[in-house]
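This report concerns only the one structure given below.
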Amino acid sequence: MDIRTFATAVETARAVALRIARAVGEKPRVVLGLPAGRTPIEVYAELRRMHAGGLDFRQVSTFNLDEFTGIDASHQGSFRHFMDLHLFRGVNVDPARIHFLNGRAADLDAECERYEDEIIAAGGLDVQVLGIGANGHVGFNEPGDTLVSRTHRVALHRVTLRDNAALFGGHPDQVPREALSMGMGTILKARTIVLMAIGERKARCIERAVRGPLTTHLPASFLQTHRDAELYLDHDAAALL
Ligand code: GLP
């Protein structure tokens, strides 16, 4: 893994935004996989500033990693709402090229298959940007005895409900218990992976992801098997390396 560390969270976010801007510059029709979560908020703010300065997203396609089930895209807690707020309202991605899992689909398993097909039809993910959960989850691929390769339904862990509580007024019990997520195989098929982590809370899972054995109990450890995985860490997240 290619590990890059930065003194501050803001510098880390700027570096990730520059990496994404480079991908757009090299391939205007780039296909990006994007995460929600607190970690990328400053990256998206920087991309909005870059767009104001001329960076053109018109031909870019995006696929978000995951979405909660049982809530509408317009719900304040949905990742779709999050992305509209932090990125899409401030850049010129064509709405027809913004792809999301629909957590309200009548047949959720069919919805997961549709998403896999859409990614393939778009030519596959060029750059998958990732955050990491404190328990080592990526997307919503939770630690456990097995990992699912394809896009699938997930029962969320207690830690993850707490991690996402901010989107639901700070109440973990208000977070939907289930989500849809790209699978570990979907993520690992991306040509380039850019994982970003900020803060001391992520130091232990970053250490295990980089140094530890490959284990389904730390899904991010599977990034070790990818030939082009870049890690962007602030000083605190890299503290145990
Ligand atoms: C959620 C998302 C993940 C994200 C994680 C970490 O569970 N599904 O994609 O990486 O939260 O969130 P944060 O960046 O807020 O720490």
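We label chains A, B, ... in the order they appear in the structure tokens, count residues from 1 in each chain, and number ligands from 1 in the order shown.
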Next item on the list: Per DSSP on the backbone, filter stretch 16-185 of chain A down to the residues in strand (DSSP E or B) and report them as a ChimeraX atom specification.
Entry: /A:31-34,61-64,66-68,98-99,127-130,138,141,152-155,178-181
Pull the closest atom pair for each residue of chain A that gets at most 6 Å from ligand 1, along with the distance in Å to one decimal, counting only C-alpha atoms and all ligand atoms, ordering rows by chain and then ascending residue number, as a tab-separated table.
```
residue	atom	partner	partner_atom_place_in_ligand_line	distance
A:Pro35	CA	ligand 1	9 (O)	4.9
A:Ala36	CA	ligand 1	9 (O)	5.5
A:Gly37	CA	ligand 1	15 (O)	3.6
A:Arg38	CA	ligand 1	15 (O)	3.6
A:Thr39	CA	ligand 1	14 (O)	3.7
A:Leu130	CA	ligand 1	10 (O)	6.0
A:Gly131	CA	ligand 1	10 (O)	3.4
A:Ile132	CA	ligand 1	10 (O)	3.9
A:Gly133	CA	ligand 1	6 (C)	4.1
A:Val138	CA	ligand 1	9 (O)	5.5
A:Gly139	CA	ligand 1	9 (O)	3.9
A:Phe140	CA	ligand 1	8 (N)	4.8
A:Thr160	CA	ligand 1	7 (O)	5.6
```
Please save N, CA, C and O atoms of the selected residues as a PDB file, in the first residue's frame.
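So again-v7.pdb came out as:
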```
ATOM      1  N   PRO A  35     -17.570   7.954  -0.873  1.00  0.00           N
ATOM      2  CA  PRO A  35     -18.110   7.620   0.447  1.00  0.00           C
ATOM      3  C   PRO A  35     -18.850   8.795   1.077  1.00  0.00           C
ATOM      4  O   PRO A  35     -18.608   9.956   0.735  1.00  0.00           O
ATOM      5  N   ALA A  36     -19.723   8.464   2.018  1.00  0.00           N
ATOM      6  CA  ALA A  36     -20.261   9.494   2.917  1.00  0.00           C
ATOM      7  C   ALA A  36     -19.432   9.427   4.208  1.00  0.00           C
ATOM      8  O   ALA A  36     -18.362   8.823   4.229  1.00  0.00           O
ATOM      9  N   GLY A  37     -19.897  10.046   5.267  1.00  0.00           N
ATOM     10  CA  GLY A  37     -19.156  10.049   6.534  1.00  0.00           C
ATOM     11  C   GLY A  37     -18.538  11.418   6.783  1.00  0.00           C
ATOM     12  O   GLY A  37     -18.469  12.247   5.869  1.00  0.00           O
ATOM     13  N   ARG A  38     -18.083  11.633   8.027  1.00  0.00           N
ATOM     14  CA  ARG A  38     -17.488  12.943   8.342  1.00  0.00           C
ATOM     15  C   ARG A  38     -16.149  13.155   7.632  1.00  0.00           C
ATOM     16  O   ARG A  38     -15.797  14.258   7.241  1.00  0.00           O
ATOM     17  N   THR A  39     -15.405  12.054   7.464  1.00  0.00           N
ATOM     18  CA  THR A  39     -14.036  12.166   6.939  1.00  0.00           C
ATOM     19  C   THR A  39     -13.958  12.925   5.613  1.00  0.00           C
ATOM     20  O   THR A  39     -13.093  13.790   5.475  1.00  0.00           O
ATOM     21  N   LEU A 130     -12.481   5.946  -0.228  1.00  0.00           N
ATOM     22  CA  LEU A 130     -13.027   5.261   0.947  1.00  0.00           C
ATOM     23  C   LEU A 130     -12.694   6.005   2.231  1.00  0.00           C
ATOM     24  O   LEU A 130     -11.594   6.562   2.363  1.00  0.00           O
ATOM     25  N   GLY A 131     -13.620   5.965   3.185  1.00  0.00           N
ATOM     26  CA  GLY A 131     -13.287   6.244   4.569  1.00  0.00           C
ATOM     27  C   GLY A 131     -13.129   4.892   5.251  1.00  0.00           C
ATOM     28  O   GLY A 131     -13.116   3.850   4.599  1.00  0.00           O
ATOM     29  N   ILE A 132     -13.032   4.904   6.557  1.00  0.00           N
ATOM     30  CA  ILE A 132     -12.942   3.636   7.292  1.00  0.00           C
ATOM     31  C   ILE A 132     -13.694   3.793   8.613  1.00  0.00           C
ATOM     32  O   ILE A 132     -13.586   4.835   9.266  1.00  0.00           O
ATOM     33  N   GLY A 133     -14.469   2.785   8.955  1.00  0.00           N
ATOM     34  CA  GLY A 133     -15.149   2.808  10.254  1.00  0.00           C
ATOM     35  C   GLY A 133     -14.158   2.448  11.355  1.00  0.00           C
ATOM     36  O   GLY A 133     -13.149   1.771  11.090  1.00  0.00           O
ATOM     37  N   VAL A 138     -15.415  -0.947   5.678  1.00  0.00           N
ATOM     38  CA  VAL A 138     -15.352  -0.042   4.522  1.00  0.00           C
ATOM     39  C   VAL A 138     -16.670  -0.161   3.770  1.00  0.00           C
ATOM     40  O   VAL A 138     -17.196  -1.264   3.616  1.00  0.00           O
ATOM     41  N   GLY A 139     -17.189   0.982   3.301  1.00  0.00           N
ATOM     42  CA  GLY A 139     -18.579   0.989   2.864  1.00  0.00           C
ATOM     43  C   GLY A 139     -19.356   0.566   4.091  1.00  0.00           C
ATOM     44  O   GLY A 139     -19.146   1.085   5.191  1.00  0.00           O
ATOM     45  N   PHE A 140     -20.229  -0.424   3.930  1.00  0.00           N
ATOM     46  CA  PHE A 140     -20.851  -1.030   5.113  1.00  0.00           C
ATOM     47  C   PHE A 140     -20.477  -2.511   5.173  1.00  0.00           C
ATOM     48  O   PHE A 140     -21.272  -3.341   5.601  1.00  0.00           O
ATOM     49  N   THR A 160     -21.260   0.873  14.314  1.00  0.00           N
ATOM     50  CA  THR A 160     -21.600   1.610  13.092  1.00  0.00           C
ATOM     51  C   THR A 160     -22.843   2.476  13.318  1.00  0.00           C
ATOM     52  O   THR A 160     -22.926   3.601  12.810  1.00  0.00           O
TER      53      THR A 160
END
```
Checklist line | Filtered DSSP result for stretch 66-195 of chain A, state alpha helix (DSSP H), as an NGL selection string | finding: :A and (79-86 or 108-121 or 158-163 or 184-188)
Just N, CA, C and O atoms for this one: save the residues we selected as a CSV table (one decimal), in the first residue's frame.
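Listed below is the output, out.csv:
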```csv
chain,number,residue,atom,x,y,z
A,79,PHE,N,-27.6,9.1,2.8
A,79,PHE,CA,-26.3,9.4,2.2
A,79,PHE,C,-26.5,10.3,0.9
A,79,PHE,O,-25.7,11.1,0.6
A,80,ARG,N,-27.7,10.0,0.3
A,80,ARG,CA,-28.0,10.8,-0.9
A,80,ARG,C,-28.1,12.3,-0.5
A,80,ARG,O,-27.5,13.2,-1.2
A,81,HIS,N,-28.8,12.5,0.6
A,81,HIS,CA,-29.0,13.9,1.0
A,81,HIS,C,-27.6,14.5,1.4
A,81,HIS,O,-27.3,15.6,1.1
A,82,PHE,N,-26.8,13.7,2.1
A,82,PHE,CA,-25.5,14.1,2.5
A,82,PHE,C,-24.6,14.5,1.3
A,82,PHE,O,-24.0,15.6,1.3
A,83,MET,N,-24.7,13.7,0.2
A,83,MET,CA,-23.9,14.0,-0.9
A,83,MET,C,-24.4,15.2,-1.7
A,83,MET,O,-23.6,16.0,-2.2
A,84,ASP,N,-25.7,15.4,-1.7
A,84,ASP,CA,-26.3,16.6,-2.4
A,84,ASP,C,-25.7,17.9,-1.7
A,84,ASP,O,-25.3,18.8,-2.3
A,85,LEU,N,-25.8,17.8,-0.3
A,85,LEU,CA,-25.4,18.9,0.5
A,85,LEU,C,-23.9,19.3,0.4
A,85,LEU,O,-23.6,20.4,0.2
A,86,HIS,N,-23.1,18.2,0.5
A,86,HIS,CA,-21.7,18.5,0.6
A,86,HIS,C,-21.0,18.6,-0.8
A,86,HIS,O,-19.9,19.2,-0.9
A,108,LEU,N,-35.0,-5.4,-2.6
A,108,LEU,CA,-33.6,-4.9,-2.3
A,108,LEU,C,-32.5,-5.7,-2.9
A,108,LEU,O,-31.5,-5.2,-3.3
A,109,ASP,N,-32.8,-7.0,-3.0
A,109,ASP,CA,-31.7,-7.9,-3.6
A,109,ASP,C,-31.6,-7.6,-5.1
A,109,ASP,O,-30.5,-7.5,-5.6
A,110,ALA,N,-32.7,-7.3,-5.8
A,110,ALA,CA,-32.7,-7.0,-7.2
A,110,ALA,C,-32.0,-5.6,-7.3
A,110,ALA,O,-31.3,-5.4,-8.3
A,111,GLU,N,-32.2,-4.7,-6.4
A,111,GLU,CA,-31.6,-3.4,-6.4
A,111,GLU,C,-30.1,-3.5,-6.4
A,111,GLU,O,-29.3,-2.8,-7.1
A,112,CYS,N,-29.6,-4.4,-5.5
A,112,CYS,CA,-28.1,-4.7,-5.4
A,112,CYS,C,-27.6,-5.2,-6.8
A,112,CYS,O,-26.5,-4.7,-7.2
A,113,GLU,N,-28.3,-6.1,-7.4
A,113,GLU,CA,-27.8,-6.6,-8.7
A,113,GLU,C,-27.8,-5.5,-9.8
A,113,GLU,O,-26.9,-5.4,-10.6
A,114,ARG,N,-28.9,-4.7,-9.7
A,114,ARG,CA,-29.0,-3.5,-10.7
A,114,ARG,C,-27.7,-2.7,-10.5
A,114,ARG,O,-27.1,-2.2,-11.5
A,115,TYR,N,-27.3,-2.4,-9.3
A,115,TYR,CA,-26.2,-1.5,-9.1
A,115,TYR,C,-24.9,-2.1,-9.6
A,115,TYR,O,-24.1,-1.4,-10.3
A,116,GLU,N,-24.7,-3.4,-9.4
A,116,GLU,CA,-23.5,-4.1,-10.0
A,116,GLU,C,-23.5,-3.9,-11.5
A,116,GLU,O,-22.5,-3.6,-12.1
A,117,ASP,N,-24.7,-4.1,-12.1
A,117,ASP,CA,-24.8,-4.0,-13.6
A,117,ASP,C,-24.5,-2.6,-14.0
A,117,ASP,O,-23.8,-2.4,-15.1
A,118,GLU,N,-25.0,-1.6,-13.3
A,118,GLU,CA,-24.7,-0.2,-13.7
A,118,GLU,C,-23.3,0.1,-13.6
A,118,GLU,O,-22.8,0.9,-14.4
A,119,ILE,N,-22.6,-0.4,-12.6
A,119,ILE,CA,-21.1,-0.1,-12.5
A,119,ILE,C,-20.4,-0.7,-13.7
A,119,ILE,O,-19.6,0.0,-14.3
A,120,ILE,N,-20.8,-1.9,-14.1
A,120,ILE,CA,-20.1,-2.5,-15.2
A,120,ILE,C,-20.4,-1.8,-16.5
A,120,ILE,O,-19.6,-1.5,-17.3
A,121,ALA,N,-21.7,-1.4,-16.6
A,121,ALA,CA,-22.1,-0.6,-17.8
A,121,ALA,C,-21.4,0.7,-18.0
A,121,ALA,O,-21.1,1.2,-19.1
A,158,ARG,N,-23.4,-2.4,16.1
A,158,ARG,CA,-23.7,-1.4,17.1
A,158,ARG,C,-22.7,-0.2,17.0
A,158,ARG,O,-23.1,1.0,17.0
A,159,VAL,N,-21.4,-0.4,16.7
A,159,VAL,CA,-20.4,0.6,16.6
A,159,VAL,C,-20.8,1.5,15.4
A,159,VAL,O,-20.6,2.7,15.4
A,160,THR,N,-21.3,0.9,14.3
A,160,THR,CA,-21.6,1.6,13.1
A,160,THR,C,-22.8,2.5,13.3
A,160,THR,O,-22.9,3.6,12.8
A,161,LEU,N,-23.8,2.0,14.1
A,161,LEU,CA,-25.0,2.8,14.4
A,161,LEU,C,-24.5,4.0,15.2
A,161,LEU,O,-25.0,5.1,14.9
A,162,ARG,N,-23.6,3.8,16.1
A,162,ARG,CA,-23.1,5.0,16.9
A,162,ARG,C,-22.3,5.9,15.9
A,162,ARG,O,-22.5,7.1,16.0
A,163,ASP,N,-21.5,5.4,15.0
A,163,ASP,CA,-20.7,6.2,14.1
A,163,ASP,C,-21.6,7.1,13.2
A,163,ASP,O,-21.1,8.1,12.8
A,184,MET,N,-17.1,-6.2,-0.9
A,184,MET,CA,-15.6,-6.0,-0.8
A,184,MET,C,-15.0,-6.3,-2.2
A,184,MET,O,-14.1,-5.6,-2.6
A,185,GLY,N,-15.6,-7.2,-3.0
A,185,GLY,CA,-15.2,-7.5,-4.3
A,185,GLY,C,-15.5,-6.4,-5.3
A,185,GLY,O,-14.6,-6.0,-6.1
A,186,THR,N,-16.6,-5.7,-5.1
A,186,THR,CA,-17.0,-4.6,-5.9
A,186,THR,C,-15.9,-3.5,-5.7
A,186,THR,O,-15.4,-2.9,-6.7
A,187,ILE,N,-15.6,-3.3,-4.5
A,187,ILE,CA,-14.6,-2.2,-4.1
A,187,ILE,C,-13.2,-2.6,-4.7
A,187,ILE,O,-12.5,-1.7,-5.3
A,188,LEU,N,-12.8,-3.8,-4.5
A,188,LEU,CA,-11.5,-4.2,-4.9
A,188,LEU,C,-11.3,-4.3,-6.4
A,188,LEU,O,-10.2,-4.3,-6.9
```
Next item on the list: Considering only C-alpha atoms, return as a ChimeraX atom specification whatever protein or nucleic-acid residues lie within 10 Å of A:Val16, sequence-local ones (same chain, fewer than 4 positions apart) excluded.
Entry: /A:10-12,20-22,40,42-44,46-47,129,194-196,230-233
Note to self: Excluding stretch 204-206 of chain A and its own-chain neighbours fewer than 6 positions away, which residues fall within 7 Å of it when counting only C-alpha atoms? Please give them as an MDAnalysis selection string.
What the structure shows: chainID A and resid 134:136 237 240
Next item on the list: Tell me which of A:Ala155, A:Val30, A:Leu241, A:Ile198 sits closest to A:Arg211, counting only C-alpha atoms.
Entry: A:Leu241
Checklist line | Spatial neighbours of A:Met1, max dist 8 Å, only C-alpha atoms, sep filter under 5 positions, as a PyMOL selection string | finding: chain A and resi 210+223-224+226-231
Check: Can you list, as a PyMOL selection string, every protein, DNA or RNA residue that comes within 8 Å of A:Val127 when you count only C-alpha atoms, leaving out same-chain residues fewer than 3 positions away?
Finding: chain A and resi 20+23+30-33+190-194
Next item on the list: Tell me which protein, DNA and RNA residues are within 10 Å of A:Leu147, counting only C-alpha atoms, leaving out same-chain ones fewer than 2 positions away, and put them as a ChimeraX atom specification.
Entry: /A:141-145,149-150,183-185,215-219
